[in-house]
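Participant: Can you read through this structure? Questions will come right after.
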Amino acid sequence: MAKRKAAGAPTETRRRRWWHLRQRWRMLGVFEINPEHEFYHLTAKIKEGMQGSIQTTVDSPVQNTLTAEHFKAEETHTHEGFEMQTFAAPVFAKLRHSLDISEEDYMNSLCSDGCYLQFVSNSKSKANFFVTNDKRYFLKTQSRREVQFLLSNLKAYMDHLEKYPHSLLVRFLSVHRIIIPNQEKKYFIVMQSVFYPDERINIRYDIKGCEVGRWTNPDTGGKQVIKVLKDNNFEGQSIALDQEKSWFNRQVKEDAALLRRLNVLDYSLLVAHQPLHRDELEGKHSLANLVVRTTKSFDFDDSPTNEDPPSVPLLEETRAEGAPDAADRESGQPQAAAAAAAGEGSSEEIPLQEMNSSVRRNRSDSELQDFQEHHCRLLPNCKNAVHVIDGPDQRYFVGIIDVFTVYGWKKRLEGLWKSLRFPGRAFSTVSPDKYSRRFSQWIQAHTQ
């Protein structure tokens with residue numbers, strides 16, 4: 001009898017786990033963490049702790065040059081009933097600054113009176129996902145191993161973003177640990193949301209470049225739920241980027257190459273899209289919009305000399321037709337250039353359609369050349385621009401996430417088992433070299 005009970009215990013445990021998993025999958029979507037929610041007290045403490053942590057960086061200047069000590073920095077703030085630890089604060093403060101996220105805005109989003117939201121998806125991850133009330137930032141609980149992996153490779157991550165400022169990698173904005181005595185200790189990471197703003201997004205995908213287990217039933221049963229579809233759901237479709245295609249495919253390869261060097265696999269490309277409105281389509285062709293996008297996309301202050309500033313050929317070609325003069329550009333004053341192009345002091349905006357057609361035909365070869373040499377692209381004039389790419393008719397939200405799975409002995413054994421279980425089929429557990437190559441090839445094959 002005792003043996004029967006012992007044998008039945010694991011079975012009962014598995015049943016409970018499957019029941020909780022099914023219940024979780026039934027309630028896909030975003031839910032307000034109100035006072036009755038199970039995570040309300042935890043998130044209230046997180047907000048209080050974040051406020052103290054961010055206030056420290058508000059009071060400190062951004063470090064232009066990062067040292068080894070900055071990457072190893074740890075701070076602990078004691079609050080009533082809990083402690084909040086913050087890791088590598090100067091490093092992440094500099095990253096936020098590079099994204100034009102002020103510390104005040106960051107604090108307002110993370111520490112506002114509005115309740116956090118819980119995001120529940122069809123992901124198999126055991127992590128908890130919270131979203132700020134304005135949906136700008138994700139907070140994700142992580143294991144100690146995952147946090148240690150990020151911090152130990154933070155220098156490589158920052159170096160990559162410095163070389164490729166418009167990388168598709170998700171932006172990690174801070175790393176913390178909350179300690180509630182006699183209750184729990186949780187590590188969590190704050191990330192920039194790839195799908196922001198999401199009001200008009202009508203479909204979402206999680207792409208790994210393989211086929212086994214990569215299909216989700218899109219039927220929501222008439223409920224207002226969020227389902228993230230997968231590779232097999234994407235078949236017959238493409239990411240239509242037109243002139244941005246070459247940059248996109250090249251950047252995917254560079255980002256995947258970094259993850260390969262870090263011995264990482266099982267990462268995903270998040271993709272969502274929404275149709276461009278008529279005013280957005282027309283706005284893309286205005287000179288004023290072009291200058292604003294140029295300013296957003298390129299740090300003019302980093303020009304080597306005043307005699308050799310970064311330039312966009314289209315602006316030079318159209319100077320006589322109303323663009324700002326060379327003195328404005330060479331003085332390193334993009335704001336003045338944008339104001340002039342926007343029509344301050346002139347009677348009307350100059351549409352690109354009226355410009356020389358040969359300039360338009362050579363846009364990808366000449367206008368963007370300077371950006372491409374600096375591994376940049378012409379960012380759209382919108383929020384969250386680093387994760388947004390505009391095609392001819394659609395606006396795409398893209399970002400590479402889930403970059404903590406290391407190819408250790410457990411993954412090697414899992415890969416061996418899957419090779420026997422799914423012979424000749426593409427599954428996710430393969431070597432980082434194969435994963436990187438297949439991931440890039442899949443995306444290239446589905447991009448137009």
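Each chain in the structure tokens gets a letter, A, B and so on, in the order shown; residues start at 1 in every chain, and ligands are counted from 1 in the order they appear.
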List the spatial neighbours of stretch 417-427 of chain A as a PDB file with N, CA, C and O atoms, in the first residue's frame - criterion: any atom at most 9 Å away, only C-alpha atoms, same-chain residues fewer than 3 positions off excluded.

Facilitator:
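selection.pdb, freshly written:
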ATOM      1  N   GLY A 209      12.582  29.945 -36.114  1.00  0.00           N
ATOM      2  CA  GLY A 209      13.218  29.386 -37.306  1.00  0.00           C
ATOM      3  C   GLY A 209      13.191  27.872 -37.368  1.00  0.00           C
ATOM      4  O   GLY A 209      14.027  27.255 -38.038  1.00  0.00           O
ATOM      5  N   CYS A 210      12.240  27.238 -36.659  1.00  0.00           N
ATOM      6  CA  CYS A 210      12.133  25.781 -36.710  1.00  0.00           C
ATOM      7  C   CYS A 210      10.656  25.395 -36.783  1.00  0.00           C
ATOM      8  O   CYS A 210       9.785  26.264 -36.856  1.00  0.00           O
ATOM      9  N   GLU A 211      10.376  24.082 -36.772  1.00  0.00           N
ATOM     10  CA  GLU A 211       9.005  23.642 -37.014  1.00  0.00           C
ATOM     11  C   GLU A 211       8.378  22.823 -35.893  1.00  0.00           C
ATOM     12  O   GLU A 211       7.162  22.899 -35.666  1.00  0.00           O
ATOM     13  N   VAL A 212       9.165  22.060 -35.152  1.00  0.00           N
ATOM     14  CA  VAL A 212       8.602  21.176 -34.124  1.00  0.00           C
ATOM     15  C   VAL A 212       8.045  22.012 -32.965  1.00  0.00           C
ATOM     16  O   VAL A 212       8.748  22.818 -32.357  1.00  0.00           O
ATOM     17  N   GLY A 213       6.763  21.822 -32.693  1.00  0.00           N
ATOM     18  CA  GLY A 213       6.119  22.547 -31.606  1.00  0.00           C
ATOM     19  C   GLY A 213       5.928  24.023 -31.879  1.00  0.00           C
ATOM     20  O   GLY A 213       5.724  24.813 -30.951  1.00  0.00           O
ATOM     21  N   ARG A 214       5.944  24.414 -33.145  1.00  0.00           N
ATOM     22  CA  ARG A 214       5.905  25.837 -33.480  1.00  0.00           C
ATOM     23  C   ARG A 214       4.609  26.212 -34.186  1.00  0.00           C
ATOM     24  O   ARG A 214       4.605  26.860 -35.229  1.00  0.00           O
ATOM     25  N   ARG A 412      22.275  19.669 -24.507  1.00  0.00           N
ATOM     26  CA  ARG A 412      22.872  18.690 -25.419  1.00  0.00           C
ATOM     27  C   ARG A 412      22.108  17.362 -25.355  1.00  0.00           C
ATOM     28  O   ARG A 412      21.828  16.741 -26.387  1.00  0.00           O
ATOM     29  N   LEU A 413      21.758  16.936 -24.138  1.00  0.00           N
ATOM     30  CA  LEU A 413      20.984  15.696 -23.991  1.00  0.00           C
ATOM     31  C   LEU A 413      19.588  15.850 -24.592  1.00  0.00           C
ATOM     32  O   LEU A 413      19.063  14.932 -25.240  1.00  0.00           O
ATOM     33  N   GLU A 414      18.978  17.014 -24.367  1.00  0.00           N
ATOM     34  CA  GLU A 414      17.660  17.271 -24.944  1.00  0.00           C
ATOM     35  C   GLU A 414      17.718  17.240 -26.469  1.00  0.00           C
ATOM     36  O   GLU A 414      16.821  16.703 -27.135  1.00  0.00           O
ATOM     37  N   VAL A 430      19.391  22.807 -30.764  1.00  0.00           N
ATOM     38  CA  VAL A 430      20.554  22.467 -31.587  1.00  0.00           C
ATOM     39  C   VAL A 430      21.716  23.333 -31.118  1.00  0.00           C
ATOM     40  O   VAL A 430      21.554  24.205 -30.262  1.00  0.00           O
TER      41      VAL A 430
END

Participant: So that I can see what lies close to stretch 246-251 of chain A, please list as a list in words the residues with an atom at most 9 Å from it, counting only C-alpha atoms and leaving out residues fewer than 6 positions away in the same chain.

Facilitator: Tyr164, His166, Ser167, Leu168, Gln372, His375, Cys376, Arg377, Ile389, Ser440, Gln441, Ile443, Gln444 and Thr447 of chain A

Participant: Selected residues, N, CA and C atoms, written as a PDB file, in the first residue's frame, please.

Facilitator:
ATOM      1  N   TYR A 164      26.410  48.566 -32.854  1.00  0.00           N
ATOM      2  CA  TYR A 164      25.165  48.464 -33.624  1.00  0.00           C
ATOM      3  C   TYR A 164      24.044  49.145 -32.834  1.00  0.00           C
ATOM      4  N   HIS A 166      21.279  50.340 -33.490  1.00  0.00           N
ATOM      5  CA  HIS A 166      19.898  50.007 -33.833  1.00  0.00           C
ATOM      6  C   HIS A 166      19.692  48.494 -33.870  1.00  0.00           C
ATOM      7  N   SER A 167      20.484  47.795 -33.086  1.00  0.00           N
ATOM      8  CA  SER A 167      20.361  46.344 -32.951  1.00  0.00           C
ATOM      9  C   SER A 167      18.923  45.944 -32.624  1.00  0.00           C
ATOM     10  N   LEU A 168      18.556  44.735 -33.032  1.00  0.00           N
ATOM     11  CA  LEU A 168      17.215  44.221 -32.761  1.00  0.00           C
ATOM     12  C   LEU A 168      17.104  43.567 -31.391  1.00  0.00           C
ATOM     13  N   GLN A 372      24.415  53.302 -42.945  1.00  0.00           N
ATOM     14  CA  GLN A 372      24.824  51.910 -43.020  1.00  0.00           C
ATOM     15  C   GLN A 372      26.288  51.737 -42.639  1.00  0.00           C
ATOM     16  N   HIS A 375      26.406  51.275 -39.146  1.00  0.00           N
ATOM     17  CA  HIS A 375      25.524  50.183 -38.717  1.00  0.00           C
ATOM     18  C   HIS A 375      24.192  50.726 -38.205  1.00  0.00           C
ATOM     19  N   CYS A 376      23.697  51.769 -38.839  1.00  0.00           N
ATOM     20  CA  CYS A 376      22.434  52.385 -38.442  1.00  0.00           C
ATOM     21  C   CYS A 376      21.419  52.275 -39.573  1.00  0.00           C
ATOM     22  N   ARG A 377      20.212  52.667 -39.266  1.00  0.00           N
ATOM     23  CA  ARG A 377      19.172  52.817 -40.280  1.00  0.00           C
ATOM     24  C   ARG A 377      18.440  54.120 -39.987  1.00  0.00           C
ATOM     25  N   ILE A 389      10.035  49.214 -37.555  1.00  0.00           N
ATOM     26  CA  ILE A 389      10.490  49.366 -38.939  1.00  0.00           C
ATOM     27  C   ILE A 389       9.255  49.525 -39.818  1.00  0.00           C
ATOM     28  N   SER A 440      18.844  32.970 -38.919  1.00  0.00           N
ATOM     29  CA  SER A 440      19.079  34.039 -39.899  1.00  0.00           C
ATOM     30  C   SER A 440      18.524  33.668 -41.268  1.00  0.00           C
ATOM     31  N   GLN A 441      18.708  32.419 -41.669  1.00  0.00           N
ATOM     32  CA  GLN A 441      18.226  31.980 -42.975  1.00  0.00           C
ATOM     33  C   GLN A 441      16.712  31.995 -43.046  1.00  0.00           C
ATOM     34  N   ILE A 443      14.624  33.936 -41.382  1.00  0.00           N
ATOM     35  CA  ILE A 443      14.170  35.316 -41.452  1.00  0.00           C
ATOM     36  C   ILE A 443      14.449  35.918 -42.820  1.00  0.00           C
ATOM     37  N   GLN A 444      15.619  35.637 -43.362  1.00  0.00           N
ATOM     38  CA  GLN A 444      15.935  36.149 -44.703  1.00  0.00           C
ATOM     39  C   GLN A 444      14.958  35.608 -45.742  1.00  0.00           C
ATOM     40  N   THR A 447      11.566  37.539 -45.651  1.00  0.00           N
ATOM     41  CA  THR A 447      11.602  38.996 -45.708  1.00  0.00           C
ATOM     42  C   THR A 447      11.647  39.451 -47.158  1.00  0.00           C
TER      43      THR A 447
END

Participant: Using atom CA of A:Asn233 and atom CA of A:Phe129 as the two end points, give the distance in Å to one decimal.

Facilitator: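 These two atoms are separated by 23.9 Å.
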
Participant: For each of A:Val271, A:Ala88, A:Leu150, A:Leu42, take the minimum atom-to-atom distance to A:Glu69, counting only C-alpha atoms, then give the residue where this is smallest.

Facilitator: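 Between A:Val271, A:Ala88, A:Leu150, A:Leu42, the residue approaching A:Glu69 most closely is A:Ala88.
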
Participant: May I ask which of the residues A:Leu154, A:Ile203, A:Val147, A:Ala127 is the closest one to A:Val91, counting only C-alpha atoms?

Facilitator: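 Among the listed residues, A:Leu154 lies closest to A:Val91.
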
Participant: Would you compute the distance between atom CA of A:Ala257 and atom CA of A:Asp390? Give it in Å to one decimal.

Facilitator: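 Distance between the two atoms: 24.6 Å.
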
Participant: May I have all residues of stretch 59-271 of chain A that DSSP, computed from the backbone, assigns to strand (DSSP E), given as JSON, numbers by chain?

Facilitator: {"A": [74, 75, 76, 77, 78, 79, 82, 83, 84, 85, 86, 87, 117, 118, 119, 120, 129, 130, 131, 137, 138, 139, 140, 141, 142, 172, 173, 174, 175, 176, 177, 178, 179, 180, 184, 185, 186, 187, 188, 189, 190, 191, 192, 203, 204, 205, 206, 207, 228, 229, 230, 268, 269, 270, 271]}

Participant: With only C-alpha atoms as the basis for distance, which of A:Gln237, A:Ser268, A:Thr405, A:Gln394 is at the shortest distance from A:His446?

Facilitator: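 Nearest candidate to A:His446 out of A:Gln237, A:Ser268, A:Thr405, A:Gln394: A:Gln237.
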
Participant: Might you pull out every residue within 12 Å of A:Asp266, with only C-alpha atoms counted and same-chain residues fewer than 5 positions away left off, and present them as a count of residues only?

Facilitator: 30

Participant: Do you have the atom CA of A:Phe188-atom CA of A:Pro61 distance handy?

Facilitator: 24.7 Å

Participant: For stretch 175-186 of chain A, please output as a PyMOL selection string all residues within 9 Å (counting only C-alpha atoms; exclusion window: fewer than 4 positions along the same chain).

Facilitator: chain A and resi 45-46+49-50+81-89+92+141-144+147+151+190

Participant: Convert the current residue selection to file output with N, CA and C atoms, as a PDB file, in the first residue's frame.

Facilitator:
ATOM      1  N   LYS A  45       5.576  46.722  -3.593  1.00  0.00           N
ATOM      2  CA  LYS A  45       6.925  46.816  -3.041  1.00  0.00           C
ATOM      3  C   LYS A  45       7.956  47.055  -4.143  1.00  0.00           C
ATOM      4  N   ILE A  46       7.759  46.418  -5.285  1.00  0.00           N
ATOM      5  CA  ILE A  46       8.679  46.637  -6.408  1.00  0.00           C
ATOM      6  C   ILE A  46       8.670  48.102  -6.817  1.00  0.00           C
ATOM      7  N   GLY A  49      10.510  50.138  -4.221  1.00  0.00           N
ATOM      8  CA  GLY A  49      11.944  49.893  -4.314  1.00  0.00           C
ATOM      9  C   GLY A  49      12.562  50.511  -5.554  1.00  0.00           C
ATOM     10  N   MET A  50      11.840  50.441  -6.674  1.00  0.00           N
ATOM     11  CA  MET A  50      12.338  51.031  -7.912  1.00  0.00           C
ATOM     12  C   MET A  50      12.489  52.543  -7.774  1.00  0.00           C
ATOM     13  N   GLY A  81      10.033  46.463   5.573  1.00  0.00           N
ATOM     14  CA  GLY A  81       9.551  45.123   5.242  1.00  0.00           C
ATOM     15  C   GLY A  81      10.260  44.451   4.084  1.00  0.00           C
ATOM     16  N   PHE A  82      11.219  45.110   3.437  1.00  0.00           N
ATOM     17  CA  PHE A  82      11.917  44.469   2.326  1.00  0.00           C
ATOM     18  C   PHE A  82      13.187  45.240   1.961  1.00  0.00           C
ATOM     19  N   GLU A  83      14.006  44.608   1.137  1.00  0.00           N
ATOM     20  CA  GLU A  83      15.205  45.238   0.587  1.00  0.00           C
ATOM     21  C   GLU A  83      15.159  45.153  -0.928  1.00  0.00           C
ATOM     22  N   MET A  84      15.732  46.166  -1.582  1.00  0.00           N
ATOM     23  CA  MET A  84      15.832  46.157  -3.042  1.00  0.00           C
ATOM     24  C   MET A  84      17.296  46.295  -3.431  1.00  0.00           C
ATOM     25  N   GLN A  85      17.782  45.317  -4.189  1.00  0.00           N
ATOM     26  CA  GLN A  85      19.143  45.364  -4.704  1.00  0.00           C
ATOM     27  C   GLN A  85      19.106  45.766  -6.180  1.00  0.00           C
ATOM     28  N   THR A  86      20.074  46.562  -6.566  1.00  0.00           N
ATOM     29  CA  THR A  86      20.198  47.008  -7.958  1.00  0.00           C
ATOM     30  C   THR A  86      21.608  46.693  -8.437  1.00  0.00           C
ATOM     31  N   PHE A  87      21.707  46.130  -9.625  1.00  0.00           N
ATOM     32  CA  PHE A  87      22.992  45.692 -10.153  1.00  0.00           C
ATOM     33  C   PHE A  87      23.406  46.548 -11.353  1.00  0.00           C
ATOM     34  N   ALA A  88      24.702  46.894 -11.386  1.00  0.00           N
ATOM     35  CA  ALA A  88      25.299  47.622 -12.517  1.00  0.00           C
ATOM     36  C   ALA A  88      24.484  48.866 -12.891  1.00  0.00           C
ATOM     37  N   ALA A  89      24.058  49.623 -11.880  1.00  0.00           N
ATOM     38  CA  ALA A  89      23.199  50.788 -12.123  1.00  0.00           C
ATOM     39  C   ALA A  89      23.809  51.805 -13.084  1.00  0.00           C
ATOM     40  N   PHE A  92      23.370  50.563 -16.823  1.00  0.00           N
ATOM     41  CA  PHE A  92      22.019  50.636 -17.372  1.00  0.00           C
ATOM     42  C   PHE A  92      21.528  52.081 -17.473  1.00  0.00           C
ATOM     43  N   THR A 141      10.420  38.177 -14.016  1.00  0.00           N
ATOM     44  CA  THR A 141      11.204  37.495 -12.997  1.00  0.00           C
ATOM     45  C   THR A 141      12.170  36.530 -13.681  1.00  0.00           C
ATOM     46  N   GLN A 142      13.380  36.448 -13.152  1.00  0.00           N
ATOM     47  CA  GLN A 142      14.422  35.607 -13.741  1.00  0.00           C
ATOM     48  C   GLN A 142      15.061  34.753 -12.652  1.00  0.00           C
ATOM     49  N   SER A 143      15.659  33.663 -13.064  1.00  0.00           N
ATOM     50  CA  SER A 143      16.399  32.826 -12.116  1.00  0.00           C
ATOM     51  C   SER A 143      17.744  33.491 -11.804  1.00  0.00           C
ATOM     52  N   ARG A 144      18.351  33.043 -10.728  1.00  0.00           N
ATOM     53  CA  ARG A 144      19.664  33.573 -10.360  1.00  0.00           C
ATOM     54  C   ARG A 144      20.681  33.299 -11.458  1.00  0.00           C
ATOM     55  N   VAL A 147      20.272  35.811 -14.341  1.00  0.00           N
ATOM     56  CA  VAL A 147      20.775  37.143 -13.999  1.00  0.00           C
ATOM     57  C   VAL A 147      22.305  37.137 -13.990  1.00  0.00           C
ATOM     58  N   LEU A 151      24.723  39.545 -16.300  1.00  0.00           N
ATOM     59  CA  LEU A 151      25.715  40.451 -15.712  1.00  0.00           C
ATOM     60  C   LEU A 151      27.139  40.073 -16.126  1.00  0.00           C
ATOM     61  N   VAL A 190      14.040  44.660 -15.942  1.00  0.00           N
ATOM     62  CA  VAL A 190      13.149  45.592 -16.628  1.00  0.00           C
ATOM     63  C   VAL A 190      13.613  45.710 -18.076  1.00  0.00           C
TER      64      VAL A 190
END

Participant: I need the residue nearest A:Asn217 from this list: A:Arg261, A:His97, A:Lys72, A:Lys230. Use only C-alpha atoms for the distance.

Facilitator: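 Selected residue with least distance to A:Asn217: A:Lys230.
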
Participant: I need the residues in stretch 36-166 of chain A that are alpha helix (DSSP H) according to DSSP; give them as a PyMOL selection string.

Facilitator: chain A and resi 40-58+68-72+89-98+103-110+144-152+154-163

Participant: Go through A:Lys155, A:Lys410, A:Trp442, A:Asn381 one by one, measure the shortest atom-to-atom distance of each to A:Thr67 using only C-alpha atoms, and give the residue with the smallest value.

Facilitator: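 Going through A:Lys155, A:Lys410, A:Trp442, A:Asn381 one by one, the smallest distance to A:Thr67 is for A:Lys155.
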